[in-house]
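Here the structure comes first, spelled out in structure tokens, and everything after it is commentary.
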Amino acid sequence: MKITGLVCAGVLLLTGSVAAQDGGKPIQKITIRLGTATPGGGFPLYGGAFAEVMNEADPTLSIEPRNTKGSNENIPLLETGQLDIALVAGEPSYEAFMGIGRPRTNLKILTAMYSNPGMFVVRADSPYRTIRDLVGKPIAFGAKGSGLPILSRYVLDGIGLKQDEDFKSVYLDHAGDGPAMVLDGRVAALWGAGIGWPGFTTLAGSPGGARFIAPDSGEIARISAKHSFLKPMTVPAGSYPNQTVPIDALGSWSFILVRADLDDEVAYRLARALHGAEGAFCRKLAQACETTAANTVAAAPGVELIHPGVLKYFREIGVVK
């Protein structure tokens, strides 16, 4: 379907025309609804930077971020056409693609976002140094509906622990609430993931400092053996304030997923704009340095899960045969 005017209702929203040189004719700006997550977490931060970079890279696109409850809400919102694209953590994506606990989804991948090595953070003056030390303690596992509690469930299950039985699990209404709860002692630790994650940055930069707790080498081996889709990852030194050594952990890749019926030409234009703006995106947000065409191909559970319009562009630039 060619984008020459209004796109069919329910496929994309169109707003007023923008100035562009196309034989002297104005062209329509395409408004794309982007689902993120609750304020204070990594997804809204990433989504805002993504929209700014993409809208500048292609002025005929208008990507509008919308706060949601996170990954578990974004998937059905995409499936029912209430969003066009959305940020989804690796574990909910994997479960949806594989049909674990739900029917298989027909959503497709636009791009891999960034890797998500999962770990806990505690106050530096706390006595906790291992995951086992946290058993029986109140732990903030992330916002309700986000992908973080799903990642932690898989990680803990891999070492024989049950999240809601072996810990006093706390699920947040807003992702940004977690750091204050650690600082004032309401919870012993906060679970999070990724490089440059806001909750970790806040705690690591607090006056008293913080300490990260990740699975040890033996635990990483056990978790990987049981849940092979989780991969060993490293958080480089300096990813957070006062973090002087790298941290070995494991996790998965988050994705920007799209409605299965998103027009091929629109997906192609999104991929082209994003690939052309990889450098600008990296300069704007450290996490976005991992948002590349090559990483998308490597991180996708299967190339068939990448949107056909995106694959068309990837073949043109040689990252897919």
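In the structure tokens, the first chain shown is A, the next is B, and so on; residue numbers restart at 1 for each chain, and ligands run from 1 in the order shown.
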Between segment 44-78 of chain A and segment 235-254 of chain A, at 12 Å or less, what are the per-residue closest atom pairs and their distances in Å? Count only C-alpha atoms, order by chain and rising residue number, and return it as JSON lines.
```
{"residue": "A:Tyr46", "atom": "CA", "partner": "A:Ser254", "partner_atom": "CA", "distance": 11.3}
{"residue": "A:Gly70", "atom": "CA", "partner": "A:Ser254", "partner_atom": "CA", "distance": 12.0}
{"residue": "A:Ser71", "atom": "CA", "partner": "A:Ser254", "partner_atom": "CA", "distance": 9.7}
```
Inset, instruction - Find the residues near Ala37 of chain A: any atom within 12 Å, counting only C-alpha atoms, skip ones fewer than 4 places away on the same chain, and give them as a count of residues only. - result: 34
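You will find atom CA of Ile213 of chain A at 25.3 Å from atom CA of Ala299 of chain A.
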Legend entry - Nearest-residue call for Asp58 of chain A, choices A:Cys282, A:Leu274, A:Val258, A:Val297, using only C-alpha atoms: A:Leu274
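With only C-alpha atoms as the atoms that count, the residue of A:Val155, A:Val303, A:Leu190, A:Val319 with the shortest distance to Val170 of chain A is A:Leu190.
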Inset, instruction - Measuring atom to atom with only C-alpha atoms, identify which of A:Ala273, A:Ala140, A:Leu156, A:Cys289 is nearest to Ala214 of chain A. - result: A:Leu156
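Here atom CA of Val122 of chain A is placed at a distance of 25.9 Å from atom CA of Pro92 of chain A.
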Legend entry - Which of segment 129-256 of chain A fall in helix (DSSP H, G or I), as an MDAnalysis selection string: chainID A and resid 132:134 148:158 163:166 175:183 198:204 217:226
Legend entry - Residue with smallest distance to Ala204 of chain A - pool A:Ile109, A:Val121, A:Ile150, A:Ala180, counting only C-alpha atoms: A:Val121
Near-Asp164 of chain A list (12 Å; only C-alpha atoms; drop same-chain fewer than 4 positions) as an mmCIF file with C-alpha atoms, in the first residue's frame:
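around_4.cif was written with the following content:
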```cif
data_model
loop_
_atom_site.group_PDB
_atom_site.id
_atom_site.type_symbol
_atom_site.label_atom_id
_atom_site.label_comp_id
_atom_site.auth_asym_id
_atom_site.auth_seq_id
_atom_site.Cartn_x
_atom_site.Cartn_y
_atom_site.Cartn_z
ATOM 1 C CA VAL A 135 16.113 -14.458 50.972
ATOM 2 C CA GLY A 136 13.260 -13.556 53.294
ATOM 3 C CA LYS A 137 13.792 -9.810 52.813
ATOM 4 C CA PRO A 138 11.436 -7.266 51.197
ATOM 5 C CA ILE A 139 12.592 -6.757 47.612
ATOM 6 C CA ALA A 140 11.241 -4.312 45.020
ATOM 7 C CA PHE A 141 11.101 -6.380 41.838
ATOM 8 C CA PRO A 149 9.685 -9.119 37.484
ATOM 9 C CA ILE A 150 9.545 -11.744 34.737
ATOM 10 C CA SER A 152 13.923 -11.917 37.978
ATOM 11 C CA ARG A 153 11.557 -14.892 38.160
ATOM 12 C CA LEU A 156 15.778 -16.914 40.642
ATOM 13 C CA ASP A 157 14.133 -20.081 39.359
ATOM 14 C CA LYS A 168 8.784 -10.561 50.463
ATOM 15 C CA SER A 169 8.059 -9.369 46.937
ATOM 16 C CA VAL A 170 7.060 -5.772 46.348
ATOM 17 C CA TYR A 171 5.663 -4.667 42.966
#
```
Inset, instruction - Go through A:Gly196, A:Met233, A:Val53, A:Asp264 and flag the residue nearest Ala280 of chain A, using only C-alpha atoms for the distances. - result: A:Val53
